[in-house]
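Student: Dropping in start-v4.cif, which is mmCIF, C-alpha atoms:
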```
data_work
loop_
_atom_site.label_atom_id
_atom_site.label_comp_id
_atom_site.auth_asym_id
_atom_site.auth_seq_id
_atom_site.Cartn_x
_atom_site.Cartn_y
_atom_site.Cartn_z
CA MET A 25 96.65 123.34 124.38
CA GLN A 26 94.59 123.72 121.21
CA ASN A 27 91.51 121.50 120.99
CA LEU A 28 91.47 119.04 118.12
CA PHE A 29 88.49 118.84 115.80
CA GLU A 30 87.12 115.29 115.55
CA HIS A 31 86.38 114.96 111.84
CA THR A 32 84.09 111.96 111.43
CA HIS A 33 82.64 110.76 108.14
CA PRO A 34 78.97 111.77 108.02
CA TYR A 35 77.84 109.12 105.52
CA THR A 36 77.76 105.34 105.61
CA PRO A 37 79.10 103.65 102.45
CA PHE A 38 76.66 103.79 99.54
CA ILE A 39 76.87 100.23 98.28
CA ASP A 40 74.66 97.21 97.63
CA ASP A 41 74.74 93.75 96.06
CA THR A 42 74.58 95.16 92.52
CA THR A 43 77.58 97.48 92.89
CA LEU A 44 80.42 96.91 90.40
CA LYS A 45 82.59 99.99 90.96
CA LEU A 46 83.38 101.90 94.14
CA ILE A 47 84.41 105.54 94.35
CA VAL A 48 86.99 105.79 97.15
CA GLY A 49 87.95 109.14 98.64
CA THR A 50 88.88 110.37 102.12
CA LEU A 51 86.51 112.75 103.95
CA PRO A 52 84.06 115.47 102.91
CA PRO A 53 84.72 118.98 104.26
CA PRO A 54 84.20 119.42 108.03
CA ARG A 55 80.95 121.36 107.56
CA PHE A 56 79.32 118.12 106.38
CA THR A 57 80.22 116.58 109.75
CA THR A 58 78.89 119.53 111.74
CA GLY A 59 75.84 119.99 109.51
CA GLU A 60 76.62 123.63 108.72
CA LEU A 61 76.14 123.37 104.97
CA LYS A 62 76.45 126.27 102.54
CA ASP A 63 74.02 127.30 99.82
CA GLY A 64 74.66 125.01 96.87
CA ASP A 65 75.92 122.09 98.96
CA VAL A 66 74.17 118.73 98.56
CA ASN A 67 73.94 116.65 101.75
CA PHE A 68 75.43 113.54 100.13
CA CYS A 69 78.78 112.09 99.11
CA TYR A 70 80.94 114.62 97.20
CA GLY A 71 78.20 117.20 97.72
CA SER A 72 80.43 120.21 98.39
CA ARG A 73 79.56 123.15 96.14
CA ASP A 74 83.31 123.57 95.61
CA GLY A 75 83.86 119.95 94.53
CA GLN A 76 84.07 118.89 90.91
CA LEU A 77 83.05 115.22 90.91
CA TRP A 78 79.35 115.80 90.30
CA PRO A 79 79.88 118.61 87.75
CA ILE A 80 82.26 116.25 85.90
CA LEU A 81 79.75 113.37 85.92
CA ASP A 82 77.00 115.85 85.00
CA LYS A 83 78.94 116.80 81.87
CA ILE A 84 79.72 113.19 80.93
CA PHE A 85 76.17 111.86 81.34
CA ASN A 86 74.04 115.03 80.84
CA LEU A 87 72.37 114.52 84.21
CA ASN A 88 70.92 118.02 84.67
CA LEU A 89 71.73 117.81 88.36
CA LYS A 90 70.44 120.20 90.98
CA TYR A 91 73.10 121.86 93.13
CA GLU A 92 71.09 122.66 96.21
CA THR A 93 70.50 121.39 99.74
CA THR A 94 67.33 119.43 98.95
CA ALA A 95 66.14 115.83 99.12
CA SER A 96 65.54 115.79 95.35
CA ALA A 97 69.18 116.72 94.68
CA ILE A 98 70.26 113.77 96.83
CA GLU A 99 67.86 111.39 95.09
CA GLN A 100 69.16 112.47 91.67
CA ARG A 101 72.64 111.40 92.65
CA LYS A 102 71.56 108.14 94.26
CA ALA A 103 69.48 107.21 91.21
CA PHE A 104 72.41 107.88 88.88
CA LEU A 105 74.83 105.78 90.96
CA LYS A 106 72.39 102.88 91.16
CA SER A 107 71.71 103.02 87.42
CA ARG A 108 75.45 102.74 86.72
CA ARG A 109 76.01 100.18 89.51
CA ILE A 110 78.48 102.56 91.18
CA GLY A 111 78.94 102.87 94.94
CA VAL A 112 80.86 105.18 97.27
CA CYS A 113 83.03 103.90 100.11
CA ASP A 114 85.49 106.51 101.32
CA ILE A 115 88.39 104.96 103.18
CA VAL A 116 88.65 107.37 106.13
CA ALA A 117 86.21 106.81 109.00
CA SER A 118 87.56 109.65 111.13
CA ALA A 119 90.54 111.93 111.70
CA GLU A 120 91.63 114.71 114.01
CA ARG A 121 92.51 118.20 112.84
CA HIS A 122 94.28 121.17 114.40
CA LYS A 123 92.95 123.41 111.63
CA ILE A 124 89.34 122.93 110.57
CA ASP A 125 89.65 122.65 106.81
CA ALA A 126 89.23 120.03 104.09
CA SER A 127 92.90 119.34 103.32
CA ASP A 128 93.95 115.69 103.31
CA ILE A 129 97.41 116.60 104.58
CA GLY A 130 95.91 118.14 107.73
CA MET A 131 94.42 114.85 108.93
CA GLN A 132 96.01 113.26 112.02
CA ASN A 133 95.31 110.07 113.99
CA VAL A 134 93.40 108.75 111.01
CA VAL A 135 91.07 105.78 111.50
CA LEU A 136 90.46 103.82 108.30
CA ARG A 137 87.39 101.94 107.20
CA ASN A 138 87.82 98.24 106.54
CA VAL A 139 87.35 98.43 102.78
CA LEU A 140 88.47 94.81 102.34
CA CYS A 141 85.60 93.77 104.58
CA TYR A 142 83.12 95.65 102.38
CA LEU A 143 84.62 94.02 99.29
CA GLU A 144 84.11 90.62 100.87
CA LYS A 145 80.51 91.45 101.78
CA TYR A 146 79.77 92.82 98.27
CA PRO A 147 81.71 90.46 95.97
CA ASN A 148 80.43 91.94 92.68
CA VAL A 149 82.71 94.97 93.10
CA ASN A 150 85.57 94.65 90.60
CA THR A 151 86.99 98.20 90.42
CA LEU A 152 87.97 100.89 92.91
CA LEU A 153 88.05 104.46 91.59
CA PHE A 154 90.35 106.54 93.82
CA THR A 155 89.60 110.27 93.79
CA GLY A 156 93.30 111.04 94.09
CA GLY A 157 96.67 109.35 93.87
CA ASN A 158 99.37 108.13 96.20
CA SER A 159 100.37 111.49 97.69
CA LYS A 160 100.43 111.58 101.51
CA ASN A 161 96.97 111.15 103.02
CA GLY A 162 95.32 110.61 99.65
CA PRO A 163 92.88 107.71 99.09
CA GLU A 164 95.42 105.48 97.31
CA TYR A 165 97.98 106.24 100.03
CA PHE A 166 95.60 105.08 102.76
CA PHE A 167 94.42 102.09 100.76
CA ARG A 168 98.01 100.92 100.34
CA LYS A 169 98.39 101.19 104.13
CA HIS A 170 95.18 99.21 104.59
CA LEU A 171 96.42 96.49 102.24
CA LYS A 172 99.82 96.34 103.93
CA GLU A 173 98.16 95.83 107.32
CA ASN A 174 96.40 92.84 105.77
CA SER A 175 99.52 91.50 103.99
CA VAL A 176 98.10 92.25 100.55
CA THR A 177 100.21 93.65 97.69
CA LEU A 178 99.06 96.28 95.20
CA LYS A 179 100.57 95.37 91.83
CA ASN A 180 101.24 97.94 89.12
CA VAL A 181 99.41 97.45 85.83
CA SER A 182 99.96 100.80 84.13
CA ASN A 183 102.01 103.88 85.08
CA VAL A 184 100.28 106.12 82.58
CA VAL A 185 98.02 108.66 84.33
CA PRO A 186 95.54 107.59 85.63
CA ARG A 187 97.71 104.86 87.14
CA ILE A 188 96.16 101.42 87.33
CA HIS A 189 96.91 98.68 89.86
CA GLU A 190 95.35 95.42 90.95
CA PHE A 191 95.31 93.19 94.00
CA THR A 192 93.93 89.83 95.01
CA HIS A 193 91.40 89.90 97.82
CA PRO A 194 92.76 87.76 100.68
CA SER A 195 89.39 86.15 101.47
CA THR A 196 87.70 85.79 98.09
CA ASP A 197 90.80 85.46 95.83
CA LYS A 198 89.09 87.87 93.46
CA ILE A 199 91.34 90.20 91.44
CA ILE A 200 90.20 93.81 91.87
CA LYS A 201 91.41 96.73 89.76
CA THR A 202 92.19 100.19 91.13
CA VAL A 203 92.27 103.41 89.11
CA SER A 204 93.90 106.54 90.57
CA LEU A 205 91.97 109.42 89.03
CA ILE A 206 93.12 113.01 89.30
CA ALA A 207 91.36 114.43 92.35
CA PRO A 208 88.11 116.31 91.54
CA SER A 209 89.18 119.35 93.57
CA GLY A 210 90.48 122.80 92.86
CA ALA A 211 93.64 121.96 94.79
CA ALA A 212 94.57 119.40 92.12
CA ASN A 213 94.34 121.86 89.23
CA ARG A 214 98.06 122.61 89.44
CA ALA A 215 98.85 118.92 89.03
CA VAL A 216 96.60 118.76 85.98
CA GLY A 217 98.25 121.83 84.50
CA SER A 218 101.70 120.23 84.77
CA LEU A 219 100.76 117.15 82.71
CA GLU A 220 102.23 117.08 79.21
CA SER A 221 99.01 115.60 77.81
CA TYR A 222 97.04 118.52 79.26
CA LYS A 223 99.52 121.09 77.91
CA LYS A 224 99.24 119.57 74.45
CA MET A 225 95.42 119.70 74.48
CA LYS A 226 95.47 123.25 75.86
CA LYS A 227 97.81 124.35 73.08
CA GLU A 228 95.52 122.84 70.45
CA ASN A 229 92.43 124.39 72.06
CA PRO A 230 93.00 127.46 74.27
CA THR A 231 89.50 127.16 75.80
CA PHE A 232 90.27 123.64 77.08
CA ASN A 233 90.46 123.65 80.90
CA THR A 234 91.26 121.37 83.84
CA VAL A 235 87.64 120.25 84.25
CA ASP A 236 87.50 119.33 80.55
CA PHE A 237 90.62 117.22 81.09
CA ARG A 238 89.00 115.35 83.98
CA VAL A 239 85.83 114.81 81.92
CA LEU A 240 87.94 113.00 79.33
CA GLN A 241 89.76 110.97 81.99
CA TYR A 242 86.73 110.06 84.10
CA SER A 243 84.50 109.15 81.13
CA ALA A 244 86.73 106.16 80.38
CA TYR A 245 86.12 104.65 83.83
CA PHE A 246 82.58 105.65 84.81
#
```
Would you mind writing the file out in structure tokens?

Tutor:
Amino acid sequence: MQNLFEHTHPYTPFIDDTTLKLIVGTLPPPRFTTGELKDGDVNFCYGSRDGQLWPILDKIFNLNLKYETTASAIEQRKAFLKSRRIGVCDIVASAERHKIDASDIGMQNVVLRNVLCYLEKYPNVNTLLFTGGNSKNGPEYFFRKHLKENSVTLKNVSNVVPRIHEFTHPSTDKIIKTVSLIAPSGAANRAVGSLESYKKMKKENPTFNTVDFRVLQYSAYF
């Protein structure tokens, strides 16, 4: 029988009492769990050299980020997040995999973090920014499961991409908004390309690409 890879999240949530918004994803690639990083990886949340979150934020805020496996590259990202009062609390604590890759769909026996507990502990948080939608094993998909287990309902606010919902925290009664951003990954480029709004912008400007589209989308919420 094939051994399963235990894919555990290598980072504790990056959050403090000043945090207003939380980035919520699933898991970084397995090499961040095993510590076998590649050149250009940053040993921090969303630090994969193949990921697009930091390049997108770099473009929005002109951060001049380093893309290297150094302490200074990590500190750049932490300083930016703190300055914008943004935290990171991915919803998956661990999962098992038959195939060692970064696909969300490949996760099995998923153990979720208690995000509601973090929201109770850090009551200034008013917005969750999902790095992906409600497709199977995406961050919104798991968060909906988490809410259901706690008898909380996610109410639709807007169906226009990025879709917006809200819920009332069961302990604090605070209304918290969720935004389902298009995932900052190469795998989501096909989904971007199928959007009518993207097609229209691409037609008007042939050099416009899927990262440019995310820059426009993300800038409204970061």

Student: Residues within 9 Å of region 76-91 of chain A, please, as number ranges by chain. Count all atoms listed in the file; anything in the same chain fewer than 6 positions from it doesn't count.

Tutor: A: 63-66, 70, 97-98, 100-101, 104, 155, 207-210, 235-236, 238-240, 242-243, 246

Student: Hey, what comes out of the PyMOL selection byres ((chain A and resi 67) around 8) on this file? Could you write it as a list of chain:residue names?

Tutor: A:Phe56, A:Leu61, A:Asp65, A:Val66, A:Phe68, A:Cys69, A:Gly71, A:Thr93, A:Thr94, A:Ile98

Student: For the file shown, report as a PDB file with C-alpha atoms, in the coordinates of the input the outcome of the PyMOL selection byres ((chain A and resi 204) around 6) at residue level.

Tutor:
```pdb
ATOM      1  CA  PHE A 154      90.350 106.540  93.820  1.00  0.00           C
ATOM      2  CA  GLY A 156      93.300 111.040  94.090  1.00  0.00           C
ATOM      3  CA  GLY A 157      96.670 109.350  93.870  1.00  0.00           C
ATOM      4  CA  PRO A 186      95.540 107.590  85.630  1.00  0.00           C
ATOM      5  CA  ARG A 187      97.710 104.860  87.140  1.00  0.00           C
ATOM      6  CA  VAL A 203      92.270 103.410  89.110  1.00  0.00           C
ATOM      7  CA  LEU A 205      91.970 109.420  89.030  1.00  0.00           C
TER       8      LEU A 205
END
```

Student: Given the file shown, enumerate the residues that the PyMOL selection byres ((chain A and resi 26-32) around 8) captures and present them as a list in words.

Tutor: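 Here the PyMOL selection byres ((chain A and resi 26-32) around 8) matches Met25, His33, Pro34, Leu51, Pro54, Thr57, Ala117, Ser118, Ala119, Glu120, Arg121, His122, Lys123 and Ile124 of chain A.
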
Student: Between CA of Asn158 (chain A) and CA of Ile206 (chain A), what is the spacing in Å?

Tutor: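 A separation of 10.5 Å between them.
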
Student: Between CA of Val181 (chain A) and CA of Leu105 (chain A), what distance in Å does the model show, to one decimal?

Tutor: 26.5 Å

Student: Write out as a list of chain:residue names each polymer residue whose atoms come within 10 Å of Ile129 (chain A), counting only C-alpha atoms; drop sequence neighbours fewer than 5 positions from it.

Tutor: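 So the residues in contact are A:Arg121, A:Ser159, A:Lys160, A:Asn161, A:Gly162.
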
Student: Just how far from CA of Tyr165 (chain A) is CA of Thr43 (chain A), in Å to one decimal?

Tutor: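 The value is 23.3 Å.
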
Student: Write out as a list in words each polymer residue whose atoms come within 6 Å of region 109-115 of chain A, counting only C-alpha atoms; drop sequence neighbours fewer than 2 positions from it.

Tutor: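 Here the answer would be Pro37, Phe38, Ile39, Thr43, Leu44, Lys45, Leu46, Ile47, Val48, Gly49, Thr50, Leu105, Lys106, Ser107, Leu136 and Arg137 of chain A.
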
Student: Would you put the residues from that selection into a file with C-alpha atoms, as a PDB file, keeping the file's coordinate frame?

Tutor:
```pdb
ATOM      1  CA  PRO A  37      79.100 103.650 102.450  1.00  0.00           C
ATOM      2  CA  PHE A  38      76.660 103.790  99.540  1.00  0.00           C
ATOM      3  CA  ILE A  39      76.870 100.230  98.280  1.00  0.00           C
ATOM      4  CA  THR A  43      77.580  97.480  92.890  1.00  0.00           C
ATOM      5  CA  LEU A  44      80.420  96.910  90.400  1.00  0.00           C
ATOM      6  CA  LYS A  45      82.590  99.990  90.960  1.00  0.00           C
ATOM      7  CA  LEU A  46      83.380 101.900  94.140  1.00  0.00           C
ATOM      8  CA  ILE A  47      84.410 105.540  94.350  1.00  0.00           C
ATOM      9  CA  VAL A  48      86.990 105.790  97.150  1.00  0.00           C
ATOM     10  CA  GLY A  49      87.950 109.140  98.640  1.00  0.00           C
ATOM     11  CA  THR A  50      88.880 110.370 102.120  1.00  0.00           C
ATOM     12  CA  LEU A 105      74.830 105.780  90.960  1.00  0.00           C
ATOM     13  CA  LYS A 106      72.390 102.880  91.160  1.00  0.00           C
ATOM     14  CA  SER A 107      71.710 103.020  87.420  1.00  0.00           C
ATOM     15  CA  LEU A 136      90.460 103.820 108.300  1.00  0.00           C
ATOM     16  CA  ARG A 137      87.390 101.940 107.200  1.00  0.00           C
TER      17      ARG A 137
END
```

Student: Please determine, counting only C-alpha atoms, which residue among A:Ala126, A:Ala95, A:Leu140, A:Val184 has the shortest atom-to-atom distance to Asp197 (chain A).

Tutor: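 Counting only C-alpha atoms, the residue closest to Asp197 (chain A) is A:Leu140.
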
Student: Using only C-alpha atoms, which residue out of A:Arg55, A:His170, A:Arg108, A:Val176 lies closest to Val134 (chain A)?

Tutor: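 That would be A:His170, the residue with the smallest distance to Val134 (chain A).
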
Student: Step by step: locate region 37-52 of chain A in the block above, keep N, CA and C atoms, then write the file as a PDB file, in the first residue's frame.

Tutor:
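As a result, part_38.pdb now contains:
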```
ATOM      1  N   PRO A  37      -0.388  31.065  12.202  1.00  0.00           N
ATOM      2  CA  PRO A  37      -1.046  32.244  11.652  1.00  0.00           C
ATOM      3  C   PRO A  37      -0.274  33.524  11.978  1.00  0.00           C
ATOM      4  N   PHE A  38      -0.189  34.398  10.991  1.00  0.00           N
ATOM      5  CA  PHE A  38       0.475  35.699  11.169  1.00  0.00           C
ATOM      6  C   PHE A  38      -0.625  36.707  11.460  1.00  0.00           C
ATOM      7  N   ILE A  39      -0.809  37.012  12.732  1.00  0.00           N
ATOM      8  CA  ILE A  39      -1.950  37.821  13.150  1.00  0.00           C
ATOM      9  C   ILE A  39      -1.658  38.430  14.516  1.00  0.00           C
ATOM     10  N   ASP A  40      -2.142  39.650  14.741  1.00  0.00           N
ATOM     11  CA  ASP A  40      -2.009  40.251  16.065  1.00  0.00           C
ATOM     12  C   ASP A  40      -3.216  41.136  16.347  1.00  0.00           C
ATOM     13  N   ASP A  41      -3.169  41.874  17.439  1.00  0.00           N
ATOM     14  CA  ASP A  41      -4.335  42.658  17.877  1.00  0.00           C
ATOM     15  C   ASP A  41      -4.672  43.810  16.940  1.00  0.00           C
ATOM     16  N   THR A  42      -3.758  44.185  16.055  1.00  0.00           N
ATOM     17  CA  THR A  42      -4.024  45.295  15.135  1.00  0.00           C
ATOM     18  C   THR A  42      -4.618  44.830  13.805  1.00  0.00           C
ATOM     19  N   THR A  43      -4.627  43.526  13.566  1.00  0.00           N
ATOM     20  CA  THR A  43      -5.037  42.990  12.266  1.00  0.00           C
ATOM     21  C   THR A  43      -6.495  43.294  11.940  1.00  0.00           C
ATOM     22  N   LEU A  44      -6.721  43.825  10.724  1.00  0.00           N
ATOM     23  CA  LEU A  44      -8.079  44.119  10.256  1.00  0.00           C
ATOM     24  C   LEU A  44      -8.552  43.128   9.194  1.00  0.00           C
ATOM     25  N   LYS A  45      -7.616  42.676   8.353  1.00  0.00           N
ATOM     26  CA  LYS A  45      -7.955  41.758   7.263  1.00  0.00           C
ATOM     27  C   LYS A  45      -7.085  40.515   7.368  1.00  0.00           C
ATOM     28  N   LEU A  46      -7.672  39.373   7.020  1.00  0.00           N
ATOM     29  CA  LEU A  46      -6.946  38.112   7.049  1.00  0.00           C
ATOM     30  C   LEU A  46      -6.950  37.475   5.670  1.00  0.00           C
ATOM     31  N   ILE A  47      -5.762  37.148   5.166  1.00  0.00           N
ATOM     32  CA  ILE A  47      -5.655  36.348   3.951  1.00  0.00           C
ATOM     33  C   ILE A  47      -5.851  34.891   4.353  1.00  0.00           C
ATOM     34  N   VAL A  48      -6.772  34.203   3.677  1.00  0.00           N
ATOM     35  CA  VAL A  48      -7.086  32.816   4.033  1.00  0.00           C
ATOM     36  C   VAL A  48      -6.907  31.925   2.805  1.00  0.00           C
ATOM     37  N   GLY A  49      -5.906  31.046   2.867  1.00  0.00           N
ATOM     38  CA  GLY A  49      -5.683  30.078   1.814  1.00  0.00           C
ATOM     39  C   GLY A  49      -5.776  28.666   2.354  1.00  0.00           C
ATOM     40  N   THR A  50      -5.061  27.730   1.745  1.00  0.00           N
ATOM     41  CA  THR A  50      -5.109  26.334   2.200  1.00  0.00           C
ATOM     42  C   THR A  50      -3.755  25.905   2.756  1.00  0.00           C
ATOM     43  N   LEU A  51      -2.847  25.449   1.899  1.00  0.00           N
ATOM     44  CA  LEU A  51      -1.524  24.997   2.323  1.00  0.00           C
ATOM     45  C   LEU A  51      -0.476  25.449   1.312  1.00  0.00           C
ATOM     46  N   PRO A  52       0.730  25.791   1.770  1.00  0.00           N
ATOM     47  CA  PRO A  52       1.810  26.033   0.809  1.00  0.00           C
ATOM     48  C   PRO A  52       2.272  24.710   0.210  1.00  0.00           C
TER      49      PRO A  52
END
```
